[in-house]
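*Asks:* I have a structure here, written as structure tokens, and I will follow up with some questions on it.
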Amino acid sequence: MSFPPKGFEVIQNGAWTFCARPHALEDLRAAVMQPGPPDAALDGGRGAVWTFESGGATVVLRRYRRGGLMQHLLHDRYLGNRPLAEFNVWHAAESAGLPVPALVGVAWLKRGLFYQGAIATALVEAKPLLDLVNISGKNVDALGRECGHAIRRMHDAGIWHADLQVKNILIHGAKALLIDFDAAKQVDSMRRTQRWRNLYRLRRSCEKHGLPGGLFKAICAGYGEPNGPHWLSFLYRLRRFF
């Protein structure tokens with residue numbers, strides 16, 4: 001993919017690089033460069049997720065933060081350009097017509113061998129699958145099939161999600177949206193084991209959060225493949241104890 005892709009522009013601000021839709025370029029720069037949260041902080045797990053306004057619309061800004069023990073050593077620094085890598089995968093997903101929030105832009109800072117940065121996407125009035133199933137009591141079978149269909153489209157487009165779990169699937173009306181492509185990979189052809197690594201990770205997430213037992217079965221039905229490799233399923237079951 002050529003950079004910047006069509007419909008995006010790039011500016012430099014000192015050591016920072018900003019790439020965004022033309023109407024949001026200056027707003028993204030201002031949001032990233034100011035010292036505190038742009039507008040409102042959201043729940044973003046280990047990442048710092050904020051919002052800012054651009055062109056009359058709300059934009060979600062996620063700064064990259066490390067988790068686990070590495071957060072104490074490197075905090076928000078990475079050896080590779082994680083923001084640009086995710087931007088490229090997200091752009092590929094959007095270009096393929098996959099159900100994802102619209103990509104707004106990306107920013108990164110290079111200092112020596114390390115990168116810091118943030119990615120910006122359109123805010124969608126949606127709830128994570130986890131919240132919707134627990135709170136609203138929506139039809140489990142219909143929700144699961146819709147999620148499975150979205151995941152199948154993602155895999156058929158050659159995108160492997162690195163953290164497919166119930167918090168990274170949003171439900172907007174009756175539509176499933178996929179988010180968070182940090183560390184995701186693009187491949188020419190998705191192997192069956194790769195597909196089911198994603199699906200079994202999602203199964204573990206469903207079970208961890210106590211979601212209805214029929215949800216994952218419905219997801220597999222929507223995906224179009226009711227069962228994966230038994231040996232791989234066994235390994236993911238074992239990981240619950242480690």
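Each chain in the structure tokens gets a letter, A, B, ..., in the order shown, and its residues are numbered from 1; ligands are numbered from 1 in order too.
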For the structure I just gave you, how does DSSP split range 78-195 of chain A - specifically, which residues are strand (DSSP E)? Reply as a PyMOL selection string.
*Replies:* chain A and resi 103-111+114-122+127-128+159-160+169-172+175-178+185-186
*Asks:* Could you please write out, as a VMD selection string, every residue of range 45-210 of chain A that DSSP assigns to helix (DSSP H, G or I)?
*Replies:* chain A and resid 70 to 73 82 to 95 129 to 136 140 to 156 166 to 168 192 to 208
*Asks:* Could you list, as a ChimeraX atom specification, every residue within 10 Å of Pro5 in chain A, counting only C-alpha atoms and ignoring same-chain residues fewer than 4 positions away?
*Replies:* /A:1,9-10,19-21,88,91
*Asks:* Find the residue from A:Gln165, A:Asn198, A:Asn81, A:Ser54 that sits nearest to Gln116 in chain A; use only C-alpha atoms when measuring.
*Replies:*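 Of all the options, A:Asn81 lies closest to Gln116 in chain A.
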*Asks:* Just checking: using only C-alpha atoms, which residue out of A:Arg29, A:His23, A:Lys127, A:Arg192 ends up closest to Asp156 in chain A?
*Replies:*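 Using only C-alpha atoms, Asp156 in chain A sits closest to A:Arg192.
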*Asks:* So which one's closest to Ala120 in chain A, A:Arg191, A:Lys185, A:His172, A:Arg63? Using only C-alpha atoms, please.
*Replies:* A:Arg63
*Asks:* For His209 in chain A, find every residue with an atom within 10 Å (counting only C-alpha atoms), except residues of its own chain fewer than 4 positions away, and show them as a PyMOL selection string.
*Replies:* chain A and resi 130+134+166+204-205
*Asks:* Could you please take those selected residues and save C-alpha atoms as a PDB file, in the first residue's frame?
*Replies:*
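Below you can see again34.pdb, which holds the result:
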ATOM      1  CA  LEU A 130     -20.198  -8.339  26.464  1.00  0.00           C
ATOM      2  CA  ASN A 134     -25.429  -9.128  29.843  1.00  0.00           C
ATOM      3  CA  VAL A 166     -16.026  -9.927  23.530  1.00  0.00           C
ATOM      4  CA  ARG A 204     -12.332 -18.439  26.059  1.00  0.00           C
ATOM      5  CA  SER A 205     -13.377 -14.793  26.382  1.00  0.00           C
TER       6      SER A 205
END
*Asks:* CA of Ala157 in chain A and CA of Val133 in chain A, how far apart in Å?
*Replies:*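 Distance between the two atoms: 27.3 Å.
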